[in-house]
>>> print(open('input.cif').read())   # mmCIF, C-alpha atoms and all ligand atoms
data_my_file
#
loop_
_atom_site.group_PDB
_atom_site.id
_atom_site.type_symbol
_atom_site.label_atom_id
_atom_site.label_comp_id
_atom_site.auth_asym_id
_atom_site.auth_seq_id
_atom_site.Cartn_x
_atom_site.Cartn_y
_atom_site.Cartn_z
ATOM 1 C CA MET Z 289 1.530 -29.495 47.459
ATOM 2 C CA LYS Z 290 4.106 -26.750 47.466
ATOM 3 C CA PHE Z 291 3.375 -23.630 49.484
ATOM 4 C CA VAL Z 292 5.500 -20.531 49.717
ATOM 5 C CA ASP Z 293 7.343 -19.265 52.748
ATOM 6 C CA VAL Z 294 10.015 -16.647 53.225
ATOM 7 C CA GLN Z 295 12.809 -19.123 52.520
ATOM 8 C CA SER Z 296 11.325 -20.900 49.512
ATOM 9 C CA ILE Z 297 9.596 -18.129 47.569
ATOM 10 C CA THR Z 298 12.640 -17.132 45.511
ATOM 11 C CA ASP Z 299 13.237 -20.722 44.357
ATOM 12 C CA ARG Z 300 9.533 -21.114 43.565
ATOM 13 C CA VAL Z 301 9.641 -18.097 41.264
ATOM 14 C CA LEU Z 302 12.856 -19.328 39.625
ATOM 15 C CA GLU Z 303 11.256 -22.743 39.043
ATOM 16 C CA VAL Z 304 8.400 -21.111 37.161
ATOM 17 C CA ILE Z 305 10.784 -18.938 35.132
ATOM 18 C CA ALA Z 306 12.873 -21.989 34.192
ATOM 19 C CA LYS Z 307 10.169 -22.835 31.644
ATOM 20 C CA THR Z 308 10.789 -19.619 29.629
ATOM 21 C CA PRO Z 309 11.408 -20.853 26.050
ATOM 22 C CA ASP Z 310 13.733 -18.050 24.895
ATOM 23 C CA ALA Z 311 17.180 -18.722 26.401
ATOM 24 C CA ARG Z 312 18.242 -15.085 26.749
ATOM 25 C CA LEU Z 313 14.894 -14.006 28.251
ATOM 26 C CA ARG Z 314 15.215 -16.953 30.672
ATOM 27 C CA GLU Z 315 18.735 -15.872 31.675
ATOM 28 C CA ILE Z 316 17.712 -12.225 32.151
ATOM 29 C CA SER Z 317 14.543 -13.157 34.075
ATOM 30 C CA PHE Z 318 16.555 -15.452 36.363
ATOM 31 C CA ALA Z 319 19.067 -12.722 37.190
ATOM 32 C CA LEU Z 320 16.300 -10.144 37.654
ATOM 33 C CA VAL Z 321 14.408 -12.297 40.145
ATOM 34 C CA LYS Z 322 17.553 -13.348 42.024
ATOM 35 C CA HIS Z 323 18.774 -9.760 42.435
ATOM 36 C CA LEU Z 324 15.313 -8.281 43.019
ATOM 37 C CA HIS Z 325 14.603 -10.763 45.787
ATOM 38 C CA ALA Z 326 18.054 -10.198 47.303
ATOM 39 C CA PHE Z 327 17.349 -6.442 47.227
ATOM 40 C CA VAL Z 328 13.981 -6.913 48.944
ATOM 41 C CA ARG Z 329 15.513 -9.243 51.550
ATOM 42 C CA GLU Z 330 18.235 -6.681 52.290
ATOM 43 C CA VAL Z 331 15.980 -3.610 52.388
ATOM 44 C CA GLU Z 332 12.846 -5.213 53.915
ATOM 45 C CA PRO Z 333 10.665 -2.340 52.655
ATOM 46 C CA THR Z 334 7.657 -1.196 54.611
ATOM 47 C CA THR Z 335 4.371 -0.997 52.696
ATOM 48 C CA ASP Z 336 4.783 2.770 52.568
ATOM 49 C CA GLU Z 337 8.289 2.420 51.085
ATOM 50 C CA PHE Z 338 7.071 -0.152 48.547
ATOM 51 C CA GLU Z 339 4.356 2.275 47.423
ATOM 52 C CA LYS Z 340 6.898 5.089 47.167
ATOM 53 C CA GLY Z 341 9.169 2.867 45.053
ATOM 54 C CA CYS Z 342 6.282 2.008 42.731
ATOM 55 C CA ALA Z 343 5.344 5.700 42.505
ATOM 56 C CA PHE Z 344 8.948 6.507 41.548
ATOM 57 C CA ILE Z 345 8.835 4.045 38.633
ATOM 58 C CA VAL Z 346 5.387 5.247 37.525
ATOM 59 C CA GLY Z 347 6.749 8.801 37.739
ATOM 60 C CA LEU Z 348 9.625 7.932 35.383
ATOM 61 C CA GLY Z 349 7.081 7.022 32.734
ATOM 62 C CA GLN Z 350 4.901 10.038 33.399
ATOM 63 C CA ALA Z 351 7.886 12.404 33.154
ATOM 64 C CA THR Z 352 8.925 10.898 29.808
ATOM 65 C CA SER Z 353 7.914 12.627 26.586
ATOM 66 C CA ALA Z 354 9.194 13.007 23.041
ATOM 67 C CA ALA Z 355 11.634 15.614 24.356
ATOM 68 C CA LYS Z 356 12.835 13.860 27.517
ATOM 69 C CA ASN Z 357 13.425 10.260 28.586
ATOM 70 C CA GLU Z 358 13.329 10.099 32.377
ATOM 71 C CA VAL Z 359 13.856 6.301 32.355
ATOM 72 C CA ILE Z 360 17.215 6.634 30.612
ATOM 73 C CA LEU Z 361 18.051 9.523 32.922
ATOM 74 C CA ALA Z 362 17.404 7.291 35.944
ATOM 75 C CA SER Z 363 19.722 4.673 34.466
ATOM 76 C CA ASP Z 364 22.329 7.391 33.845
ATOM 77 C CA ILE Z 365 22.322 8.878 37.344
ATOM 78 C CA LEU Z 366 22.539 5.414 38.905
ATOM 79 C CA GLY Z 367 25.607 4.632 36.769
ATOM 80 C CA ALA Z 368 23.920 1.737 34.954
ATOM 81 C CA SER Z 369 24.125 3.278 31.458
ATOM 82 C CA SER Z 370 27.815 3.968 31.845
ATOM 83 C CA LEU Z 371 28.464 0.478 33.231
ATOM 84 C CA ILE Z 372 26.762 -1.053 30.168
ATOM 85 C CA ASN Z 373 29.077 1.026 27.942
ATOM 86 C CA LEU Z 374 32.184 0.074 29.910
ATOM 87 C CA LEU Z 375 31.289 -3.630 29.767
ATOM 88 C CA GLN Z 376 30.612 -3.495 26.015
ATOM 89 C CA ASP Z 377 33.968 -1.785 25.438
ATOM 90 C CA GLN Z 378 35.720 -4.368 27.607
ATOM 91 C CA ALA Z 379 34.037 -7.304 25.797
ATOM 92 C CA GLY Z 380 35.227 -6.042 22.413
ATOM 93 C CA SER Z 381 38.720 -5.166 23.661
ATOM 94 C CA LYS Z 382 39.739 -8.846 23.592
ATOM 95 C CA GLU Z 383 39.867 -8.580 19.793
ATOM 96 C CA SER Z 384 41.096 -5.035 19.274
ATOM 97 C CA THR Z 385 41.574 -1.648 20.854
ATOM 98 C CA LYS Z 386 39.575 1.485 20.189
ATOM 99 C CA THR Z 387 38.742 4.818 21.760
ATOM 100 C CA ASP Z 388 36.546 4.429 24.834
ATOM 101 C CA SER Z 389 32.823 4.981 24.344
ATOM 102 C CA ALA Z 390 30.560 7.311 26.289
ATOM 103 C CA LEU Z 391 26.800 7.772 26.342
ATOM 104 C CA LEU Z 392 25.026 9.034 23.229
ATOM 105 C CA GLY Z 393 22.881 11.283 25.414
ATOM 106 C CA PRO Z 394 19.551 12.789 24.404
ATOM 107 C CA PHE Z 395 20.717 15.543 22.025
ATOM 108 C CA TRP Z 396 22.196 13.898 18.908
ATOM 109 C CA ARG Z 397 20.409 14.823 15.681
ATOM 110 C CA VAL Z 398 20.741 12.642 12.632
ATOM 111 C CA SER Z 399 21.227 15.292 9.986
ATOM 112 C CA ALA Z 400 23.664 17.875 11.312
ATOM 113 C CA PRO Z 401 25.090 20.115 8.552
ATOM 114 C CA GLU Z 402 28.171 18.958 6.650
ATOM 115 C CA TYR Z 403 31.036 21.444 6.683
ATOM 116 C CA GLU Z 404 34.400 21.808 4.983
ATOM 117 C CA LEU Z 405 37.377 21.061 7.206
ATOM 118 C CA GLY Z 406 38.317 24.114 9.271
ATOM 119 C CA ALA Z 407 34.790 25.567 9.304
ATOM 120 C CA SER Z 408 33.078 26.833 12.426
ATOM 121 C CA ILE Z 409 30.042 25.071 13.888
ATOM 122 C CA ALA Z 410 29.201 28.187 15.953
ATOM 123 C CA ARG Z 411 26.400 30.010 14.081
ATOM 124 C CA GLY Z 412 24.962 32.049 16.946
ATOM 125 C CA GLU Z 413 25.906 34.994 19.123
ATOM 126 C CA GLU Z 414 28.290 32.797 21.147
ATOM 127 C CA ALA Z 415 30.702 32.923 18.195
ATOM 128 C CA SER Z 416 31.612 36.511 19.041
ATOM 129 C CA VAL Z 417 32.282 35.987 22.757
ATOM 130 C CA SER Z 418 35.932 36.794 23.194
ATOM 131 C CA GLY Z 419 38.281 34.244 24.713
ATOM 132 C CA GLN Z 420 35.905 31.311 24.187
ATOM 133 C CA THR Z 421 36.926 30.183 20.695
ATOM 134 C CA LEU Z 422 37.864 26.512 20.533
ATOM 135 C CA TRP Z 423 39.999 25.040 17.749
ATOM 136 C CA VAL Z 424 39.642 21.263 17.561
ATOM 137 C CA ASP Z 425 41.767 18.888 15.506
ATOM 138 C CA GLY Z 426 42.661 15.231 15.444
ATOM 139 C CA GLN Z 427 43.078 12.091 13.416
ATOM 140 C CA VAL Z 428 40.901 9.032 12.889
ATOM 141 C CA ARG Z 429 42.776 5.728 12.730
ATOM 142 C CA ASN Z 430 41.914 2.045 12.867
ATOM 143 C CA ASP Z 431 43.104 -0.354 15.534
ATOM 144 C CA GLN Z 432 46.202 -1.130 13.421
ATOM 145 C CA GLY Z 433 47.230 2.542 13.385
ATOM 146 C CA THR Z 434 46.222 3.140 9.749
ATOM 147 C CA ALA Z 435 44.765 6.577 9.045
ATOM 148 C CA LEU Z 436 41.138 6.458 7.874
ATOM 149 C CA ALA Z 437 40.445 8.920 5.076
ATOM 150 C CA GLY Z 438 36.804 9.892 4.533
ATOM 151 C CA ALA Z 439 35.698 9.054 8.065
ATOM 152 C CA VAL Z 440 32.730 11.119 9.227
ATOM 153 C CA VAL Z 441 33.315 13.055 12.448
ATOM 154 C CA ASP Z 442 29.926 14.179 13.754
ATOM 155 C CA VAL Z 443 30.205 16.633 16.648
ATOM 156 C CA TRP Z 444 27.565 18.264 18.843
ATOM 157 C CA GLN Z 445 27.903 20.268 22.004
ATOM 158 C CA ALA Z 446 26.254 22.644 24.456
ATOM 159 C CA SER Z 447 26.778 26.401 24.200
ATOM 160 C CA PRO Z 448 28.925 28.450 26.603
ATOM 161 C CA VAL Z 449 25.837 28.763 28.795
ATOM 162 C CA GLY Z 450 25.285 25.004 28.850
ATOM 163 C CA LEU Z 451 22.331 24.623 26.480
ATOM 164 C CA TYR Z 452 21.976 22.610 23.251
ATOM 165 C CA GLU Z 453 20.441 24.463 20.342
ATOM 166 C CA ASN Z 454 17.171 22.542 20.572
ATOM 167 C CA GLN Z 455 16.774 23.583 24.229
ATOM 168 C CA ASP Z 456 17.457 27.258 23.590
ATOM 169 C CA GLU Z 457 15.313 29.587 21.469
ATOM 170 C CA ARG Z 458 18.184 32.094 21.209
ATOM 171 C CA GLN Z 459 20.336 29.701 19.176
ATOM 172 C CA PRO Z 460 19.893 29.140 15.428
ATOM 173 C CA ASP Z 461 18.752 25.718 14.236
ATOM 174 C CA MET Z 462 21.591 23.170 14.139
ATOM 175 C CA ASN Z 463 23.915 25.513 16.023
ATOM 176 C CA LEU Z 464 27.028 23.889 17.492
ATOM 177 C CA ARG Z 465 26.547 20.715 15.458
ATOM 178 C CA GLY Z 466 28.337 19.591 12.364
ATOM 179 C CA ARG Z 467 29.771 16.731 10.345
ATOM 180 C CA PHE Z 468 33.281 16.743 8.921
ATOM 181 C CA ARG Z 469 35.010 14.267 6.620
ATOM 182 C CA THR Z 470 38.640 13.355 7.339
ATOM 183 C CA ASP Z 471 41.297 14.131 4.699
ATOM 184 C CA ASP Z 472 43.811 11.725 3.072
ATOM 185 C CA GLN Z 473 45.749 11.516 6.341
ATOM 186 C CA GLY Z 474 42.619 10.799 8.344
ATOM 187 C CA ARG Z 475 42.808 14.274 9.849
ATOM 188 C CA PHE Z 476 39.982 16.633 10.742
ATOM 189 C CA ASN Z 477 39.774 20.114 12.214
ATOM 190 C CA PHE Z 478 37.061 22.606 12.978
ATOM 191 C CA ARG Z 479 36.342 25.695 14.999
ATOM 192 C CA SER Z 480 33.806 26.142 17.755
ATOM 193 C CA VAL Z 481 33.395 27.730 21.156
ATOM 194 C CA ARG Z 482 34.069 26.223 24.533
ATOM 195 C CA PRO Z 483 31.064 24.247 25.771
ATOM 196 C CA ALA Z 484 29.869 24.705 29.346
ATOM 197 C CA GLY Z 485 28.835 21.969 31.719
ATOM 198 C CA TYR Z 486 25.128 21.726 32.443
ATOM 199 C CA PRO Z 487 22.658 20.113 34.828
ATOM 200 C CA VAL Z 488 20.540 17.124 33.830
ATOM 201 C CA PRO Z 489 16.774 17.822 34.141
ATOM 202 C CA VAL Z 490 15.727 17.936 37.797
ATOM 203 C CA ASP Z 491 11.972 18.570 37.405
ATOM 204 C CA GLY Z 492 11.019 14.874 37.571
ATOM 205 C CA PRO Z 493 11.544 11.928 39.928
ATOM 206 C CA CYS Z 494 15.283 11.830 39.081
ATOM 207 C CA GLY Z 495 15.630 15.367 40.440
ATOM 208 C CA ASP Z 496 13.855 14.295 43.656
ATOM 209 C CA LEU Z 497 16.247 11.349 43.944
ATOM 210 C CA LEU Z 498 19.338 13.510 43.395
ATOM 211 C CA ARG Z 499 18.164 15.994 46.035
ATOM 212 C CA GLY Z 500 17.411 13.120 48.414
ATOM 213 C CA GLN Z 501 20.912 11.734 47.842
ATOM 214 C CA ASN Z 502 22.458 15.200 48.341
ATOM 215 C CA ARG Z 503 24.022 15.159 44.851
ATOM 216 C CA HIS Z 504 24.555 17.969 42.364
ATOM 217 C CA PRO Z 505 22.974 17.463 38.911
ATOM 218 C CA PHE Z 506 25.929 18.635 36.774
ATOM 219 C CA ARG Z 507 27.766 17.119 33.887
ATOM 220 C CA PRO Z 508 31.284 18.431 33.199
ATOM 221 C CA ALA Z 509 31.775 20.388 29.951
ATOM 222 C CA HIS Z 510 32.193 18.077 26.979
ATOM 223 C CA LEU Z 511 31.924 17.678 23.229
ATOM 224 C CA HIS Z 512 29.976 14.724 21.858
ATOM 225 C CA PHE Z 513 31.449 12.813 18.926
ATOM 226 C CA MET Z 514 30.131 10.103 16.657
ATOM 227 C CA VAL Z 515 32.869 8.828 14.344
ATOM 228 C CA SER Z 516 32.041 6.453 11.505
ATOM 229 C CA HIS Z 517 33.675 4.820 8.504
ATOM 230 C CA PRO Z 518 32.414 1.866 6.417
ATOM 231 C CA GLY Z 519 33.804 -1.412 7.765
ATOM 232 C CA TYR Z 520 34.122 -0.104 11.328
ATOM 233 C CA GLU Z 521 31.942 0.044 14.407
ATOM 234 C CA VAL Z 522 30.457 3.471 14.954
ATOM 235 C CA LEU Z 523 32.253 5.172 17.841
ATOM 236 C CA VAL Z 524 30.003 7.227 20.116
ATOM 237 C CA THR Z 525 31.892 9.123 22.754
ATOM 238 C CA GLN Z 526 32.414 12.375 24.659
ATOM 239 C CA VAL Z 527 35.596 14.382 25.227
ATOM 240 C CA PHE Z 528 35.688 16.293 28.511
ATOM 241 C CA ALA Z 529 37.308 19.607 29.419
ATOM 242 C CA ASP Z 530 40.239 18.924 31.718
ATOM 243 C CA ASP Z 531 39.631 22.043 33.833
ATOM 244 C CA ASP Z 532 35.975 21.419 34.722
ATOM 245 C CA VAL Z 533 35.197 21.353 38.445
ATOM 246 C CA HIS Z 534 32.729 18.493 37.972
ATOM 247 C CA LEU Z 535 35.122 16.185 36.140
ATOM 248 C CA GLU Z 536 35.274 13.698 39.008
ATOM 249 C CA THR Z 537 31.625 14.014 39.999
ATOM 250 C CA ASP Z 538 29.804 13.746 36.651
ATOM 251 C CA VAL Z 539 26.197 12.997 37.597
ATOM 252 C CA THR Z 540 26.119 10.298 34.876
ATOM 253 C CA PHE Z 541 29.506 8.716 35.765
ATOM 254 C CA SER Z 542 30.756 9.012 32.161
ATOM 255 C CA VAL Z 543 34.298 10.332 32.612
ATOM 256 C CA ALA Z 544 36.897 7.672 31.779
ATOM 257 C CA ALA Z 545 40.471 8.946 32.171
ATOM 258 C CA SER Z 546 41.146 8.462 28.459
ATOM 259 C CA LEU Z 547 38.261 10.787 27.528
ATOM 260 C CA VAL Z 548 39.661 13.864 29.254
ATOM 261 C CA GLY Z 549 40.868 16.275 26.569
ATOM 262 C CA ARG Z 550 43.499 18.939 27.167
ATOM 263 C CA PHE Z 551 42.038 22.378 26.530
ATOM 264 C CA THR Z 552 45.199 24.435 26.069
ATOM 265 C CA PRO Z 553 45.205 28.246 25.783
ATOM 266 C CA ALA Z 554 45.778 29.506 22.246
ATOM 267 C CA VAL Z 555 45.835 32.726 20.262
ATOM 268 C CA ARG Z 556 44.922 32.504 16.582
ATOM 269 C CA GLU Z 557 43.252 34.668 13.966
ATOM 270 C CA GLN Z 558 43.438 37.645 16.342
ATOM 271 C CA LYS Z 559 41.244 35.758 18.770
ATOM 272 C CA SER Z 560 42.206 34.184 22.050
ATOM 273 C CA GLY Z 561 40.761 30.860 23.010
ATOM 274 C CA PHE Z 562 41.629 27.225 23.421
ATOM 275 C CA GLU Z 563 42.903 24.306 21.392
ATOM 276 C CA LEU Z 564 41.917 20.690 21.747
ATOM 277 C CA SER Z 565 43.669 17.834 19.929
ATOM 278 C CA TYR Z 566 42.049 14.436 20.192
ATOM 279 C CA ASP Z 567 42.475 11.318 18.044
ATOM 280 C CA PHE Z 568 39.892 8.581 17.560
ATOM 281 C CA VAL Z 569 40.571 4.881 17.021
ATOM 282 C CA LEU Z 570 37.893 2.689 15.420
ATOM 283 C CA ARG Z 571 37.694 -1.076 15.466
ATOM 284 C CA PRO Z 572 36.465 -3.239 12.586
ATOM 285 C CA GLY Z 573 32.773 -4.007 12.558
ATOM 286 C CA GLU Z 574 29.471 -2.979 11.116
ATOM 287 C CA LEU Z 575 28.657 0.673 10.476
ATOM 288 C CA ARG Z 576 25.328 0.939 12.279
ATOM 289 C CA LEU Z 577 24.093 4.351 13.361
ATOM 290 C CA PRO Z 578 22.027 4.603 16.548
ATOM 291 C CA THR Z 579 18.379 5.605 16.560
ATOM 292 C CA PRO Z 580 18.207 9.370 17.076
ATOM 293 C CA PRO Z 581 16.813 10.111 20.550
ATOM 294 C CA ILE Z 582 15.086 13.247 19.227
ATOM 295 C CA PRO Z 583 13.646 14.087 15.785
HETATM 296 FE FE FE Z 601 26.014 16.469 26.448
#
>>> encode(input="input.cif", output="structure tokens")
Amino acid sequence: MKFVDVQSITDRVLEVIAKTPDARLREISFALVKHLHAFVREVEPTTDEFEKGCAFIVGLGQATSAAKNEVILASDILGASSLINLLQDQAGSKESTKTDSALLGPFWRVSAPEYELGASIARGEEASVSGQTLWVDGQVRNDQGTALAGAVVDVWQASPVGLYENQDERQPDMNLRGRFRTDDQGRFNFRSVRPAGYPVPVDGPCGDLLRGQNRHPFRPAHLHFMVSHPGYEVLVTQVFADDDVHLETDVTFSVAASLVGRFTPAVREQKSGFELSYDFVLRPGELRLPTPPIP
């Protein structure tokens, strides 16, 4: 007969899991049990702490709705989502280079309006705020340096007060979102307004955790991009404003050095504002769009 004790219990669980038929599920279950048991051995939770931990996880589910995914948010604020991205980028980099990825985030919509090159994605009152105009341009290339004509550059961003259009009744539908198609030289350009940084939601268990850890909830100002072209992996990334005070303390740990864009002062069309030039490099692969997080 085999009985458990504090030394043997981890191996007993692993023995049982060893019979898992699916190889990947077996591998993941093994790692989960090994690290979970190591965590418990290190922390030695009291019963009260164990109950609080369980309540936290239950709370993640309860705070999740069609409009908000608290489970993903927990992964984001603990750096796990960004680590998964970084590891996926690193795994693929053995074959070819590409622009670094960043999190898709909860605000991408699948059918943003298509615009002519040079058009403005600002449809609301923010478009008339002086000094906040942003002119964006760049080029899409492949990992060999060849320009990609007809690539789709899908951009979405928060307003100058830090809200996406679907969080803010004052903004028109599909405001500050748009899709552009690169020209013969793989180039794109559009007009917008400077985005502001914003806090992640703090009304659920993730907010309690951030307050308990004495952390601010802010993301630095950024534009989201999804760049696609047949025959290439879809690039999902974010480009950050280089003058944001939260650049080094992004609550989701998303800021890779290569993703910091230079927002340089500019005067054009009798308006003052900023310019941002940023190129995207795609690597060969399958064009597969992500599932939209919101309808
Ligand atoms: Fe965002």
>>> atom_distance(input="input.cif", atom1="CA of Lys356 in chain Z", atom2="CA of Val488 in chain Z")
10.5 Å
>>> closest_residue(input="input.cif", among="Z:Pro460, Z:Gly380, Z:Pro508, Z:Gly347", to="ligand FE 601 (chain Z)", atoms="only C-alpha atoms and all ligand atoms")
Z:Pro508
>>> residues_near_ligand(input="input.cif", ligand="ligand FE 601 (chain Z)", cutoff="7 Å", atoms="only C-alpha atoms and all ligand atoms", output="PyMOL selection string")
chain Z and resi 393+395+445-446+510-512
>>> closest_residue(input="input.cif", among="Z:Leu497, Z:Ala355, Z:Val440, Z:Ala311", to="Gln455 in chain Z", atoms="all atoms listed in the file")
Z:Ala355
>>> closest_residue(input="input.cif", among="Z:Leu405, Z:Ala509, Z:Cys342, Z:Val304", to="Gly438 in chain Z", atoms="all atoms listed in the file")
Z:Leu405
>>> closest_residue(input="input.cif", among="Z:Asp442, Z:Thr540, Z:Thr298, Z:Pro394", to="Asn357 in chain Z", atoms="all atoms listed in the file")
Z:Pro394
>>> closest_residue(input="input.cif", among="Z:Ser546, Z:Gln378, Z:Ser363, Z:Asn463", to="Ala410 in chain Z", atoms="all atoms listed in the file")
Z:Asn463
>>> atom_distance(input="input.cif", atom1="CA of Pro578 in chain Z", atom2="CA of Thr387 in chain Z")
17.5 Å
>>> residues_around(input="input.cif", residues="Val515 in chain Z", least_positions_apart="5", cutoff="7 Å", atoms="all atoms listed in the file", output="number ranges by chain")
Z: 439-442, 522-524
>>> closest_residue(input="input.cif", among="Z:Val301, Z:Met289, Z:Leu570, Z:Leu361", to="Pro518 in chain Z", atoms="all atoms listed in the file")
Z:Leu570
>>> resolve_selection(input="input.cif", expression="the PyMOL selection byres (((chain Z and resi 519) around 6) and not hetatm)", output="NGL selection string")
:Z and (518 or 520 or 572-574)
>>> residues_around(input="input.cif", residues="Thr352 in chain Z", least_positions_apart="3", cutoff="12 Å", atoms="only C-alpha atoms", output="PyMOL selection string")
chain Z and resi 345-349+355-362+489+491-494
>>> atom_distance(input="input.cif", atom1="CA of Val331 in chain Z", atom2="CA of Val294 in chain Z")
14.4 Å
>>> residues_around(input="input.cif", residues="Ala319 in chain Z", least_positions_apart="6", cutoff="10 Å", atoms="all atoms listed in the file", output="NGL selection string")
:Z and (302 or 313 or 325)
>>> resolve_selection(input="input.cif", expression="the PyMOL selection byres (((chain Z and resi 471-479) around 9) and not hetatm)", output="MDAnalysis selection string")
chainID Z and resid 403:410 421:429 434:439 441 468:470 480:481 565 567
>>> resolve_selection(input="input.cif", expression="the PyMOL selection byres (((chain Z and resi 547) around 8) and not hetatm)", output="count of residues only")
10
>>> residues_near_point(input="input.cif", point="(38.1, 36.2, 27.7)", cutoff="12 Å", atoms="all atoms listed in the file", output="list in words")
Ser416, Val417, Ser418, Gly419, Gln420, Thr421, Val481, Arg482, Pro553, Ala554, Val555, Lys559, Ser560, Gly561 and Phe562 of chain Z
